[in-house]
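One file, input23.txt, carrying compact mmCIF, C-alpha atoms and all ligand atoms:
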```
# COMPACT_ATOMS: atom_id res chain seq x y z
CA MET V 13 28.72 89.50 -60.90
CA PRO V 14 31.84 88.61 -58.83
CA ASP V 15 31.40 85.52 -56.70
CA ASP V 16 31.95 87.32 -53.39
CA GLU V 17 29.38 89.96 -54.28
CA PHE V 18 26.84 87.25 -55.18
CA LEU V 19 27.53 85.43 -51.92
CA ALA V 20 27.08 88.68 -49.97
CA GLN V 21 23.68 89.12 -51.64
CA LEU V 22 22.71 85.58 -50.63
CA LYS V 23 23.96 86.03 -47.07
CA ALA V 24 21.83 89.16 -46.72
CA PHE V 25 18.77 86.88 -46.76
CA GLU V 26 19.85 85.08 -43.57
CA GLY V 27 17.47 85.98 -40.76
CA ARG V 28 14.79 87.42 -43.04
CA GLU V 29 11.23 86.42 -42.26
CA ILE V 30 8.98 84.62 -44.72
CA ALA V 31 5.26 85.30 -44.71
CA GLY V 32 3.58 82.95 -42.24
CA LEU V 33 0.80 80.55 -43.08
CA THR V 34 -2.42 79.86 -41.22
CA ALA V 35 -3.87 76.37 -41.38
CA PRO V 36 -7.05 76.27 -43.49
CA ASP V 37 -8.54 73.67 -41.12
CA GLU V 38 -8.31 72.73 -37.48
CA VAL V 39 -6.56 69.48 -36.62
CA ASN V 40 -9.32 67.07 -37.59
CA GLN V 41 -10.17 63.40 -37.61
CA ALA V 42 -10.71 63.09 -41.37
CA MET V 43 -7.22 64.27 -42.33
CA ILE V 44 -5.67 62.13 -39.61
CA ARG V 45 -7.61 59.08 -40.78
CA HIS V 46 -6.55 59.48 -44.40
CA TRP V 47 -2.95 60.09 -43.40
CA VAL V 48 -2.63 57.00 -41.18
CA GLN V 49 -4.37 54.87 -43.82
CA ALA V 50 -1.92 56.07 -46.47
CA MET V 51 1.04 55.45 -44.14
CA GLY V 52 -0.24 52.10 -42.92
CA ASP V 53 -0.10 53.21 -39.27
CA THR V 54 -2.64 51.18 -37.29
CA ASN V 55 -2.10 52.75 -33.85
CA PRO V 56 -5.66 53.26 -32.49
CA VAL V 57 -4.64 56.37 -30.53
CA TYR V 58 -5.07 58.36 -33.76
CA VAL V 59 -8.55 57.18 -34.73
CA ASP V 60 -10.31 55.34 -31.90
CA ALA V 61 -11.74 57.69 -29.25
CA ASP V 62 -12.12 54.98 -26.61
CA ALA V 63 -8.61 53.59 -27.10
CA ALA V 64 -7.22 57.13 -27.09
CA ALA V 65 -9.12 57.97 -23.89
CA ALA V 66 -7.58 54.93 -22.19
CA SER V 67 -4.05 55.87 -23.37
CA VAL V 68 -1.56 58.23 -21.68
CA HIS V 69 -2.80 60.94 -24.03
CA GLY V 70 -6.40 60.77 -22.77
CA GLN V 71 -7.77 61.80 -26.15
CA ILE V 72 -7.20 61.45 -29.89
CA ILE V 73 -3.82 62.80 -31.01
CA ALA V 74 -2.49 63.62 -34.47
CA PRO V 75 0.65 61.77 -35.61
CA ALA V 76 3.52 64.10 -34.69
CA VAL V 77 5.10 63.85 -38.14
CA MET V 78 1.90 65.28 -39.69
CA LEU V 79 3.05 68.67 -38.37
CA GLN V 80 3.74 70.08 -41.83
CA ALA V 81 0.41 68.85 -43.22
CA TRP V 82 -1.76 71.24 -41.21
CA THR V 83 -0.51 74.41 -42.86
CA SER V 84 0.22 72.96 -46.31
CA GLN V 85 -1.35 75.14 -48.97
CA GLY V 86 -1.72 72.53 -51.69
CA LEU V 87 0.33 72.21 -54.86
CA ARG V 88 -2.02 74.25 -57.03
CA GLN V 89 -2.13 77.17 -54.64
CA THR V 90 1.61 77.12 -53.98
CA SER V 91 2.61 77.11 -57.65
CA ALA V 92 -0.08 79.65 -58.59
CA GLY V 93 1.24 82.02 -55.94
CA ARG V 94 4.78 81.85 -57.25
CA ALA V 95 3.87 81.84 -60.94
CA SER V 96 1.37 84.68 -60.97
CA GLY V 97 3.69 87.14 -59.30
CA THR V 98 0.73 88.75 -57.62
CA GLY V 99 1.19 90.41 -54.27
CA PRO V 100 4.46 91.34 -52.61
CA MET V 101 7.25 88.81 -53.13
CA SER V 102 8.26 86.97 -50.02
CA ALA V 103 11.92 86.94 -49.01
CA GLN V 104 11.98 83.27 -50.02
CA ASP V 105 10.68 84.02 -53.53
CA GLU V 106 13.23 86.80 -53.87
CA LEU V 107 16.03 84.48 -52.79
CA LEU V 108 14.92 81.68 -55.13
CA ASN V 109 14.65 84.16 -58.01
CA LEU V 110 18.17 85.36 -57.30
CA VAL V 111 19.75 81.89 -57.29
CA GLU V 112 17.71 80.74 -60.31
CA THR V 113 18.75 83.78 -62.33
CA ALA V 114 22.36 82.85 -61.53
CA GLY V 115 21.80 79.41 -63.08
CA PHE V 116 21.06 77.35 -59.96
CA THR V 117 17.74 76.21 -61.38
CA SER V 118 17.40 72.67 -60.06
CA VAL V 119 16.22 71.76 -56.63
CA VAL V 120 16.38 68.75 -54.39
CA ALA V 121 15.21 68.51 -50.81
CA THR V 122 18.11 67.28 -48.73
CA ASN V 123 16.92 67.00 -45.16
CA CYS V 124 14.16 67.89 -42.78
CA GLU V 125 14.34 67.94 -38.99
CA GLN V 126 11.32 68.38 -36.79
CA GLU V 127 10.96 68.99 -33.04
CA TYR V 128 7.69 68.65 -31.18
CA ASP V 129 6.71 70.48 -28.00
CA ARG V 130 3.47 68.62 -27.51
CA MET V 131 0.99 66.35 -29.26
CA LEU V 132 -1.71 68.01 -31.33
CA HIS V 133 -5.37 67.38 -30.55
CA LEU V 134 -8.59 67.70 -32.52
CA GLY V 135 -9.53 71.37 -32.68
CA ASP V 136 -6.00 72.81 -32.49
CA ARG V 137 -5.46 75.33 -35.26
CA LEU V 138 -1.91 76.10 -36.34
CA MET V 139 -0.04 78.94 -37.91
CA THR V 140 3.62 79.32 -38.85
CA ARG V 141 6.39 81.83 -38.51
CA SER V 142 9.26 81.20 -40.88
CA VAL V 143 12.73 82.59 -41.30
CA ILE V 144 15.56 81.92 -43.73
CA GLU V 145 18.03 80.33 -41.36
CA SER V 146 21.09 80.11 -43.59
CA VAL V 147 22.37 80.19 -47.16
CA SER V 148 25.63 78.32 -47.78
CA GLU V 149 28.54 79.34 -49.92
CA GLU V 150 28.82 77.53 -53.23
CA LYS V 151 29.39 73.79 -52.72
CA GLN V 152 30.36 71.06 -55.16
CA THR V 153 28.00 68.10 -54.76
CA GLY V 154 27.40 64.93 -56.73
CA LEU V 155 24.40 66.60 -58.36
CA GLY V 156 26.18 69.81 -59.23
CA VAL V 157 27.51 73.06 -57.79
CA GLY V 158 24.93 74.77 -55.66
CA HIS V 159 23.85 76.54 -52.50
CA PHE V 160 22.12 74.95 -49.53
CA ILE V 161 19.17 77.01 -48.28
CA THR V 162 17.85 76.20 -44.81
CA THR V 163 14.48 77.46 -43.64
CA ARG V 164 13.27 77.37 -40.03
CA VAL V 165 9.53 77.14 -39.50
CA GLU V 166 7.97 77.65 -36.05
CA TYR V 167 4.56 76.06 -35.57
CA LEU V 168 2.20 77.73 -33.11
CA THR V 169 -1.46 77.51 -32.30
CA THR V 170 -3.46 80.54 -33.37
CA ASP V 171 -3.40 81.46 -29.65
CA GLY V 172 0.37 81.79 -29.93
CA GLU V 173 1.41 78.59 -28.12
CA PRO V 174 4.51 77.00 -29.73
CA VAL V 175 3.92 73.33 -30.59
CA GLY V 176 6.89 72.45 -32.77
CA ARG V 177 9.44 73.56 -35.32
CA GLN V 178 11.06 72.37 -38.50
CA LEU V 179 14.41 72.91 -40.20
CA PHE V 180 14.09 72.26 -43.93
CA ARG V 181 17.09 72.27 -46.23
CA ILE V 182 17.17 72.30 -50.01
CA LEU V 183 20.03 72.33 -52.50
CA LYS V 184 19.62 74.72 -55.44
CA PHE V 185 22.12 73.53 -58.03
CA LYS V 186 23.25 74.04 -61.63
CA PRO V 187 22.22 71.02 -63.69
CA GLY V 188 25.05 69.30 -65.53
CA THR V 189 27.80 70.38 -63.13
CA GLY V 190 27.85 67.27 -60.92
CA ARG V 191 30.99 65.27 -60.25
CA ASP V 192 29.91 62.47 -62.59
CA THR V 193 29.22 64.87 -65.44
CA ALA V 194 32.53 66.64 -64.96
CA ALA V 195 34.40 63.32 -65.04
CA ALA V 196 32.70 62.19 -68.26
CA GLY V 197 33.11 65.59 -69.91
CA ASP V 198 36.36 64.99 -71.79
CA GLY V 199 37.33 61.60 -73.11
CA GLY V 200 34.58 59.88 -71.15
CA ALA V 201 33.72 56.35 -72.17
CA VAL V 202 30.78 57.28 -74.35
CA LYS V 203 30.30 54.83 -77.18
CA ALA V 204 30.74 56.43 -80.60
CA ASP V 205 27.57 54.87 -81.96
CA ALA V 206 25.33 55.80 -79.05
CA ALA V 207 23.96 59.08 -77.82
CA PRO V 208 25.39 60.05 -74.43
CA ARG V 209 23.14 58.68 -71.73
CA PRO V 210 23.04 59.10 -68.00
CA LYS V 211 25.24 56.78 -66.02
CA ARG V 212 23.78 53.85 -64.19
CA PRO V 213 22.66 54.56 -60.66
CA ARG V 214 25.49 53.94 -58.17
CA PRO V 215 25.08 51.03 -55.77
CA GLY V 216 24.85 51.88 -52.09
CA ILE V 217 28.33 50.88 -50.90
CA THR V 218 28.65 49.81 -47.27
CA PRO V 219 31.55 48.28 -45.29
CA ASP V 220 29.79 44.93 -45.76
CA ASN V 221 29.30 44.96 -49.52
CA ALA V 222 32.31 47.01 -50.72
CA PHE V 223 34.33 43.85 -51.43
CA PHE V 224 31.65 42.64 -53.86
CA PHE V 225 31.86 45.75 -56.04
CA GLU V 226 35.67 45.89 -55.76
CA GLY V 227 35.74 42.30 -56.97
CA ALA V 228 33.39 43.18 -59.83
CA LYS V 229 35.84 45.87 -60.97
CA GLN V 230 38.31 43.01 -61.52
CA HIS V 231 35.62 40.79 -63.09
CA LYS V 232 35.60 38.55 -60.04
CA LEU V 233 32.25 37.33 -58.74
CA LEU V 234 32.76 37.11 -54.99
CA ILE V 235 30.67 35.45 -52.30
CA GLN V 236 31.08 35.99 -48.56
CA GLN V 237 32.19 32.82 -46.80
CA CYS V 238 32.12 32.41 -43.03
CA SER V 239 35.68 31.73 -41.84
CA ALA V 240 34.40 29.72 -38.85
CA CYS V 241 31.88 27.32 -40.41
CA GLN V 242 32.51 27.95 -44.16
CA THR V 243 28.83 28.74 -44.86
CA LEU V 244 28.36 30.97 -47.90
CA ARG V 245 26.06 33.97 -47.79
CA HIS V 246 24.70 36.63 -50.13
CA PRO V 247 23.67 39.46 -50.00
CA PRO V 248 26.61 40.49 -47.82
CA GLN V 249 26.01 40.94 -44.12
CA PRO V 250 28.29 41.37 -41.12
CA ARG V 251 27.52 38.13 -39.30
CA CYS V 252 27.04 34.48 -40.16
CA ASP V 253 23.41 33.38 -39.77
CA HIS V 254 24.54 29.80 -39.24
CA CYS V 255 27.15 30.09 -36.46
CA GLY V 256 27.13 33.76 -35.51
CA SER V 257 30.76 34.43 -36.44
CA TYR V 258 31.82 37.87 -37.65
CA GLU V 259 34.89 36.43 -39.39
CA TRP V 260 34.61 35.99 -43.14
CA HIS V 261 36.57 35.96 -46.35
CA PRO V 262 35.60 36.26 -50.01
CA LEU V 263 35.27 33.18 -52.19
CA GLU V 264 35.51 33.60 -55.96
CA ALA V 265 32.53 31.94 -57.66
CA SER V 266 32.92 29.92 -60.84
CA GLY V 267 30.31 32.09 -62.55
CA LYS V 268 28.14 29.10 -63.41
CA GLY V 269 24.53 29.39 -62.39
CA THR V 270 20.93 28.77 -63.27
CA VAL V 271 17.95 31.09 -63.51
CA TYR V 272 16.01 30.48 -60.30
CA SER V 273 13.42 33.11 -61.18
CA TYR V 274 13.19 36.25 -63.28
CA VAL V 275 11.11 39.28 -64.14
CA VAL V 276 11.02 41.41 -67.27
CA ASN V 277 10.86 45.05 -66.29
CA HIS V 278 8.98 47.43 -68.59
CA HIS V 279 8.16 50.34 -66.29
CA PRO V 280 9.24 52.58 -64.74
CA GLN V 281 11.98 53.26 -67.27
CA VAL V 282 15.25 54.75 -66.05
CA PRO V 283 17.34 56.40 -68.81
CA ALA V 284 20.51 54.42 -68.07
CA PHE V 285 18.88 51.09 -69.03
CA ASP V 286 17.44 49.44 -72.13
CA TYR V 287 13.92 48.07 -71.97
CA PRO V 288 12.35 45.55 -71.76
CA LEU V 289 14.90 44.63 -69.11
CA PRO V 290 15.14 40.98 -67.97
CA ILE V 291 16.34 40.64 -64.38
CA GLY V 292 17.20 37.24 -63.02
CA LEU V 293 17.47 35.73 -59.59
CA ILE V 294 20.49 33.60 -60.36
CA GLU V 295 21.34 30.55 -58.31
CA LEU V 296 25.09 30.04 -58.43
CA GLU V 297 26.53 26.55 -58.47
CA GLU V 298 28.02 27.36 -55.05
CA GLY V 299 24.43 27.65 -53.78
CA THR V 300 23.92 31.37 -53.10
CA ARG V 301 21.63 33.51 -55.22
CA LEU V 302 22.01 37.02 -56.54
CA VAL V 303 19.95 39.44 -58.59
CA ALA V 304 21.48 40.44 -61.93
CA GLU V 305 20.62 41.38 -65.49
CA ILE V 306 20.17 38.63 -68.06
CA VAL V 307 21.93 39.60 -71.29
CA ASP V 308 22.55 38.18 -74.76
CA CYS V 309 19.29 36.25 -74.64
CA PRO V 310 16.06 36.87 -76.59
CA LEU V 311 13.26 37.62 -74.12
CA ASP V 312 11.12 34.68 -75.18
CA GLN V 313 13.99 32.32 -74.48
CA VAL V 314 14.57 33.33 -70.86
CA GLN V 315 13.43 30.38 -68.75
CA VAL V 316 13.49 29.29 -65.17
CA GLY V 317 16.15 26.60 -64.82
CA MET V 318 18.21 27.66 -67.82
CA ALA V 319 21.98 27.41 -67.40
CA VAL V 320 23.73 30.75 -67.41
CA MET V 321 27.29 32.02 -67.14
CA VAL V 322 28.53 35.25 -65.63
CA THR V 323 29.58 38.03 -67.96
CA TRP V 324 30.41 41.63 -67.13
CA ILE V 325 28.80 44.97 -67.70
CA ASP V 326 31.57 47.57 -67.75
CA ALA V 327 29.22 50.48 -67.16
CA ASP V 328 31.90 53.13 -66.70
CA ASP V 329 35.28 53.70 -65.05
CA GLU V 330 33.85 53.25 -61.58
CA LEU V 331 31.15 50.67 -62.04
CA ARG V 332 31.35 47.10 -63.28
CA LEU V 333 28.56 44.65 -62.57
CA PRO V 334 27.99 40.95 -63.07
CA ALA V 335 25.32 39.92 -65.56
CA PHE V 336 24.37 36.48 -66.82
CA LYS V 337 24.10 35.09 -70.35
CA PRO V 338 22.95 31.69 -71.59
CA ALA V 339 25.63 29.05 -71.10
CA THR V 340 26.97 27.33 -74.18
CA VAL V 341 26.79 23.98 -72.43
CA SER V 342 24.00 23.22 -70.02
CA TRP V 343 24.16 22.22 -66.40
CA SER V 344 21.42 21.57 -63.92
CA ALA V 345 20.48 23.56 -60.86
CA PRO V 346 22.51 22.80 -57.70
CA SER V 347 19.36 21.70 -55.90
CA GLU V 348 18.65 19.12 -58.63
CA ALA V 349 22.28 18.04 -58.81
CA ALA V 350 22.25 17.40 -55.07
CA ASN V 351 19.40 14.93 -55.51
CA THR V 352 21.12 12.75 -58.08
ZN ZN F 401 29.48 30.57 -39.79
```
The structure in this file should be written as structure tokens.
Ligand SMILES: [Zn+2]
Amino acid sequence: MPDDEFLAQLKAFEGREIAGLTAPDEVNQAMIRHWVQAMGDTNPVYVDADAAAASVHGQIIAPAVMLQAWTSQGLRQTSAGRASGTGPMSAQDELLNLVETAGFTSVVATNCEQEYDRMLHLGDRLMTRSVIESVSEEKQTGLGVGHFITTRVEYLTTDGEPVGRQLFRILKFKPGTGRDTAAAGDGGAVKADAAPRPKRPRPGITPDNAFFFEGAKQHKLLIQQCSACQTLRHPPQPRCDHCGSYEWHPLEASGKGTVYSYVVNHHPQVPAFDYPLPIGLIELEEGTRLVAEIVDCPLDQVQVGMAVMVTWIDADDELRLPAFKPATVSWSAPSEAANT
């Protein structure tokens, strides 16, 4: 099918209604209690009638962000409905079928916005009215080429009073068409003796930490140093804890360090890594510490206090990371050295 014809078919879904849902239960104390316990929210206004009565609300309220919970149908029911094909297909099912048939089989939720008109109280019973708000043209994303589908859900009481609404956006994409995959497709740095494996997760680059990863690309282990009082700091942050200055410059570390602490990670296993995976908290001789892999060392020989030296993991064209291996000559921890 030509692209423009496919897009026209997708666009035809914009504005179409999706079958509404009616909450199986009224807003109730038991669901609220379990929800706030799971979330660790200790505000008494949700669970303590006396405290709630004394509050501006005058009675128990449900956490606003529970909005979606009241009409949730449960995983079993939701998947059974779609899988069995019984009953008339909703516009949403039709749309998802259309994009899946075209190869956009993977899904990731991208964002959710909620608005609240009022707090919900015990005894409120909700229903929804939903509409397909928009379907985007094909977009290239890091995950793959795909279409963003945005759904608008209006929440009302069964008496018809609006209480809130939600915009929910998903990306339906073609697996294996992401930017990373495309880059590695021809002549990528896949080792001849190893099966292709997913790339390592990308670090979250910020204006504060970008220098660290840029330095790593050149095999330089950099530490932030305050330009006013010369205090070193890591992880990177915008301001000196010691004197408050925002001025800083990078200092290249010698790469000598000691294992201050470590863990050996067994689970969960991420495909880009080998397990068991020893991760060290390395104290550099300059005095700052960083978290890094310990390599070239049998697991039973990893020890707190052992002398290590920086080495480099050249993960791919864009990502190089410091790791630490046992040092050929030993040195003691900076804290011990300072005492002698
Ligand atoms: Zn300072």
Just want the residues within 12 Å of ligand ZN 401 (chain F), written as a ChimeraX atom specification, counting only C-alpha atoms and all ligand atoms. /V:236-245,249-261
Between atom CA of Thr218 of chain V and atom CA of Ile161 of chain V, what distance in Å does the model show, to one decimal?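 Atom-to-atom, atom CA of Thr218 of chain V and atom CA of Ile161 of chain V are spaced 28.8 Å apart.
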Determine, counting all atoms listed in the file, which protein, DNA and RNA residues have an atom within 7 Å of an atom of Val307 of chain V; residues of the same chain fewer than 2 positions away are not included. Present the result as a PyMOL selection string. chain V and resi 305+309+335-337
Excluding Val157 of chain V and its own-chain neighbours fewer than 6 positions away, which residues fall within 10 Å of it when counting all atoms listed in the file? Please give them as an MDAnalysis selection string. chainID V and resid 116 150:151 183:191
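Picture a line from atom CA of Val341 of chain V to atom CA of Gln313 of chain V; it runs 15.4 Å.
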